Amino acid sequence: MTDLGSSQSEGRASALLAFLWKAIKLLATIAVTFLGLLLVTFLISHVIAVDPVLAVVGDRASQATYDKMFIEMGLDRPLYEQFFIYVEKVLSGDFGKSFLTKKYVIDDIARAFPATLELATLAIIIGTAFGVPLGIISAVKAGKPIDQIVRIIGLIGYSAPIFWLGLLGLLVFYAKLDWISGPGRIDIAYEYSISPGTGMLLVDSALQGQWEAFGNAFSHIILPASLLGYNAMAYISRMTRSFMLTELAQEYVTTARVKGVPEWRIIWVHALRNAAVPLVTVIAFSYGGLLEGSVLTETVFAWPGLGLYLTNSLQVADMNAVLGGTLVIGAIFVGLNLLSDLLYNVLDPRVRRRGGKP
Amino acid sequence: MTDVQTRREWLLSDTPASRGQARWGQSYRTWLGLKSNSLAMVGLWIVVVLILLAIFAPVLAPFDPLEGIGGLRGARLEPPSWAHPFGTDDLSRDILSRVLYGSRLTLLVVLLVAVIATPIGLAVGTAAGYFGGWVDVVLMRITDIFMAFPRLILALAFASALGPGIENAIIAIAITAWPPYARLARAETLTIRDTDYINAIRLQGASPLRILLGHVTPLCLSSAVVRVTLDMAGIILIAAGLGFLGLGAQPPQPEWGAMIAGGRRFIIDQWWVATMPGLAIFIVALGFNLLGDGLRDVLDPKGRK
């Protein structure tokens with residue numbers, strides 16, 4: 001009895017050690033990756049940029065102003081020192097001021113972020129809701145016409161420029177059919193009726209019971225979210241198809257068939273449950289990919305999120321804002337990739353056990 | 001007839017007599033696989049037509065792509081007609097002619113990105129795989145960091161730092177395109193590194209540079225080329241996105257993304273100005289995607305079903 005107990009606690013201790021070691025390695029990876037992100041944005045702003053001073057003072061500044069700014073920005077110091085200063089600043093949340101909005105970049109980003117989060121979240125919901133069933137159907141009917149149709153639907157999603165689809169969508173559903181509202185997040189009439197909360201208009205208006213405002217916000221978000229979701233759907237359905245094909249070829253599926261389990265149950269319960277683990281990581285990953293699509297979508301739909309902020313800053317070469325936005329998006333992207341890795345570890349019992357007991 | 005028959009047999013022979021025959025046979029088998037995939041053939045046709053249109057744009061285009069017809073206001077914003085199948089834009093330019101010339105810019109971007117990004121990826125990947133140790137760790141970390149940004153965002157940041165223009169857009173896209181090739185090349189190098197023939201060359205006293213350039217890189221090249229083909233649709237879309245945001249080719253150049261941006265103001269009443277170049281991007285990207293999809297099916301026996 002005691003023997004068993006001690007070996008058990010020993011096992012637990014080594015499992016804990018393994019877990020700690022894993023955690024340390026993970027943290028180190030995150031730190032290095034983040035430092036790398038900083039290095040890249042630093043190189044872009046301090047080395048590649050033609051003249052960072054000129055971008056701030058403008059081309060009509062006097063030589064004296066220029067020199068003053070040059071020293072103020074620390075450009076006279078050696079590069080590595082500049083980099084340390086940059087890292088220090090960013091870590092304390094100081095991305096500098098945007099000379100377009102005249103505000104701190106970090107505040108601008110915090111204000112714009114909920115709009116992007118709302119858009120991307122609805123998009124991933126749409127993408128998953130359509131992508132997973134389509135992927136399952138095409139795996140079950142692999143090689144049949146329906147499989148080809150789903151494949152083509154997906155390829156169209158991969159191939160159409162999202163900003164072009166957005167313009168066409170506005171033309172058809174807003175201008176011609178008048179089914180939805182135009183660009184922007186909400187009509188001005190409702191803009192101040194929702195008191196700020198999470199910053200996500202759909203959530204706020206629903207929590208406050210303002211259903212009319214909710215409906216209006218929904219009529220604004222549905223088209224951009226659907227287009228972004230279409231993009232995600234293309235990827236999700238393809239991955240679902242391949243995971244399901246793998247599962248359906250497994251022996252437990254044959255066993256279930258022999259036992260007389262109904263086919264729908266085999267597909268939607270047995271196989272899907274096993275395919276779900278890698279699928280969750282795919283969905284988390286494509287959630288990050290939506291950040292990319294959101295830059296172009298937000299520009300077309302005048303959606304006041306991170307993407308629009310980034311492109312507005314691009315137009316005037318407002319580098320502080322551009323790099324702040326790039327860095328935040330990069331960090332979120334890294335975070336989501338990490339999350340998808342972690343989810344895989346948590347959800348898959350095989351990986352979990354392997355990690356737990358060395 | 002017999003000549004064709006024997007050529008086919010020569011290509012499909014199970015016992016090739018020379019390296020050349022084996023290589024041609026391999027290519028021929030890939031081609032047969034591709035030919036049986038009708039969607040891939042559609043893709044191939046689209047790409048071939050694109051290349052032909054780009055080469056013969058000056059012959060095919062009915063009007064000048066940069067000059068308005070009859071001055072700036074001569075034929076402004078005319079809807080599609082027999083004279084102007086795609087309509088005209090706000091500066092009275094024939095959109096069909098502009099789209100035709102735009103195919104040259106698109107091909108230029110795709111080719112240059114491939115030519116710049118593939119060698120970078122190969123160099124980084126083969127070096128990391130061959131030397132291992134610290135070189136590997138450092139190079140792969142750098143690769144990971146570049147992959148940590150969404151591609152379009154990183155390209156945007158680079159393009160905005162370099163300043164607008166098609167050359168800078170190409171550089172920006174190439175900078176974001178190489179990491180997957182590096183990973184691929186590294187994986188392949190790892191399998192080649194300790195083979196007997198590489199060891200034999202090493203014992204003969206060949207320098208690492210010579211081994212990498214002369215013996216490892218050629219073996220990694222073909223899969224890198226395939227990977228680039230798979231990426232081309234993505235490259236086209238990113239280039240179009242940069243153009244749309246004003247960071248790619250500058251007006252009056254007929255770049256498709258920039259043309260959509262130019263037509264954006266007129267989308268409600270003069271839909272054709274933005275729609276036609278978008279259609280061109282869509283068809284070309286679809287072509288590359290279909291071709292790439294087919295290639296992947298043929299070359300990856302695991303994925304075949």
# chains A, B, ... in the order shown; residues from 1 in each chain; ligands from 1

$ interface_residues --of "chain B" --to "chain A" --cutoff "9 Å" --atoms "only C-alpha atoms" --output "compact mmCIF listing (two decimals) with C-alpha atoms, in the first residue's frame"
# COMPACT_ATOMS: atom_id res chain seq x y z
CA ARG B 141 13.96 31.81 -34.39
CA ILE B 142 14.23 34.62 -36.92
CA ASP B 144 9.47 32.07 -36.55
CA ILE B 145 9.42 35.74 -35.71
CA PHE B 146 8.69 36.66 -39.31
CA ALA B 148 4.53 35.51 -36.13
CA PHE B 149 3.12 38.49 -37.99
CA PRO B 150 0.14 38.12 -40.24
CA ARG B 151 1.69 38.50 -43.70
CA LEU B 152 -0.37 41.39 -44.95
CA ILE B 153 0.21 43.39 -41.76
CA LEU B 154 3.97 42.93 -41.93
CA LEU B 156 1.98 46.91 -44.82
CA ALA B 157 4.46 47.99 -42.18
CA PHE B 158 7.44 47.42 -44.49
CA SER B 160 4.83 52.11 -45.42
CA ALA B 161 8.38 52.44 -44.09
CA LEU B 162 9.90 52.04 -47.54
CA GLY B 163 7.39 54.42 -49.09
CA ALA B 233 -2.54 33.33 -55.41
CA GLY B 234 -1.73 34.64 -51.94
CA LEU B 237 -4.01 39.02 -53.26
CA ILE B 238 -1.51 40.70 -50.95
CA ALA B 240 -3.73 43.77 -54.72
CA GLY B 241 -4.41 44.64 -51.09
CA PHE B 244 -5.87 49.02 -52.85
CA LEU B 245 -4.47 50.75 -49.77
CA GLY B 246 -2.32 53.01 -51.95
CA LEU B 247 1.01 51.37 -51.06
CA GLY B 257 -5.81 46.72 -56.70
CA ILE B 260 -10.40 49.09 -57.49
CA ARG B 264 -14.44 52.84 -55.03
CA ILE B 267 -19.28 51.86 -56.87
CA ILE B 268 -22.96 52.75 -56.46
CA ASP B 269 -23.60 54.42 -59.82
CA TRP B 271 -20.15 49.80 -60.68
CA ALA B 274 -14.20 48.80 -59.51
CA THR B 275 -15.84 45.54 -60.54
CA GLY B 278 -11.60 42.95 -59.17
CA LEU B 279 -12.93 40.28 -61.48
CA ILE B 281 -7.80 39.55 -59.68
CA PHE B 282 -10.39 36.98 -58.71
CA ILE B 283 -10.05 34.93 -61.89
CA VAL B 284 -6.27 34.95 -61.82
CA ALA B 285 -6.08 34.07 -58.11
CA LEU B 286 -8.63 31.32 -58.70
CA GLY B 287 -6.52 30.02 -61.58
CA PHE B 288 -3.38 29.82 -59.44
CA ASN B 289 -5.37 28.27 -56.58
CA LEU B 290 -6.91 25.60 -58.81
CA GLY B 303 -3.60 13.70 -49.59
CA LYS B 305 -8.25 10.05 -51.93

$ residues_around --residues "Asp89 of chain B" --least-positions-apart "2" --cutoff "7 Å" --atoms "only C-alpha atoms" --output "mmCIF file with N, CA and C atoms, in the first residue's frame"
data_model
loop_
_atom_site.group_PDB
_atom_site.id
_atom_site.type_symbol
_atom_site.label_atom_id
_atom_site.label_comp_id
_atom_site.auth_asym_id
_atom_site.auth_seq_id
_atom_site.Cartn_x
_atom_site.Cartn_y
_atom_site.Cartn_z
ATOM 1 N N ARG B 76 -15.965 59.909 -70.299
ATOM 2 C CA ARG B 76 -15.817 59.679 -68.870
ATOM 3 C C ARG B 76 -16.911 58.746 -68.332
ATOM 4 N N LEU B 77 -16.503 57.722 -67.564
ATOM 5 C CA LEU B 77 -17.424 56.841 -66.858
ATOM 6 C C LEU B 77 -18.523 56.265 -67.749
ATOM 7 N N GLY B 87 -16.225 49.228 -70.026
ATOM 8 C CA GLY B 87 -16.550 50.611 -69.678
ATOM 9 C C GLY B 87 -15.305 51.483 -69.618
ATOM 10 N N LEU B 91 -11.225 59.024 -65.706
ATOM 11 C CA LEU B 91 -10.323 59.828 -66.528
ATOM 12 C C LEU B 91 -10.447 59.415 -67.992
ATOM 13 N N SER B 92 -11.619 58.876 -68.345
ATOM 14 C CA SER B 92 -11.942 58.491 -69.727
ATOM 15 C C SER B 92 -11.033 57.410 -70.296
ATOM 16 N N ARG B 93 -10.442 56.591 -69.431
ATOM 17 C CA ARG B 93 -9.567 55.543 -69.946
ATOM 18 C C ARG B 93 -10.354 54.257 -70.124
ATOM 19 N N ASP B 94 -10.007 53.517 -71.146
ATOM 20 C CA ASP B 94 -10.686 52.255 -71.427
ATOM 21 C C ASP B 94 -10.251 51.215 -70.389
ATOM 22 N N ILE B 95 -11.222 50.684 -69.632
ATOM 23 C CA ILE B 95 -10.862 49.796 -68.516
ATOM 24 C C ILE B 95 -10.314 48.464 -69.022
ATOM 25 N N VAL B 273 -16.350 50.313 -62.819
ATOM 26 C CA VAL B 273 -14.990 50.834 -62.635
ATOM 27 C C VAL B 273 -14.222 49.988 -61.615
#

$ atom_distance --atom1 "atom CA of Ile211 of chain B" --atom2 "atom CA of Thr176 of chain B"
27.4 Å

$ residues_around --residues "Ile109 of chain A" --least-positions-apart "3" --cutoff "10 Å" --atoms "only C-alpha atoms" --output "list in words"
Tyr104, Val105, Ile106, Ala112, Phe113, Pro114, Gly305, Leu306, Gly307, Tyr309, Leu310, Ala321, Gly324, Gly325 and Val328 of chain A

$ closest_residue --among "B:Gly165, B:Gly294, B:Pro58, B:Pro16" --to "Arg104 of chain B" --atoms "only C-alpha atoms"
B:Pro58

$ closest_residue --among "A:Ala217, A:Ala15, A:Val150, A:Ile24" --to "Ala234 of chain A" --atoms "only C-alpha atoms"
A:Val150

$ select_by_dssp --residues "segment 27-267 of chain B" --states "helix (DSSP H, G or I)" --output "PyMOL selection string"
chain B and resi 27-35+38-55+57-60+95-131+133-148+151-162+166-193+196-203+208-244+256-266

$ closest_residue --among "B:Met259, B:Ile198, B:Ala182, B:Leu230" --to "Gly214 of chain B" --atoms "only C-alpha atoms"
B:Ile198

$ closest_residue --among "A:Pro224, A:Gly127, A:Gly260, A:Gly209" --to "Tyr287 of chain A" --atoms "only C-alpha atoms"
A:Gly127

$ residues_around --residues "Leu339 of chain A" --least-positions-apart "6" --cutoff "9 Å" --atoms "only C-alpha atoms" --output "number ranges by chain"
A: 281, 284-285

$ residues_around --residues "segment 32-37 of chain B" --least-positions-apart "3" --cutoff "8 Å" --atoms "only C-alpha atoms" --output "list in words"
Tyr28, Arg29, Ala40, Met41, Gly294, Leu295 and Val298 of chain B

$ write_last_selection --atoms "C-alpha atoms" --output "short mmCIF file (atom, residue, chain, number, x, y, z; two decimals), in the first residue's frame"
data_model
loop_
_atom_site.label_atom_id
_atom_site.label_comp_id
_atom_site.auth_asym_id
_atom_site.auth_seq_id
_atom_site.Cartn_x
_atom_site.Cartn_y
_atom_site.Cartn_z
CA TYR B 28 5.58 13.24 -67.13
CA ARG B 29 3.83 11.32 -64.35
CA ALA B 40 -6.41 21.88 -62.18
CA MET B 41 -6.50 22.04 -65.97
CA GLY B 294 -4.18 20.06 -58.32
CA LEU B 295 -0.39 20.08 -58.00
CA VAL B 298 -0.57 14.98 -57.51
#
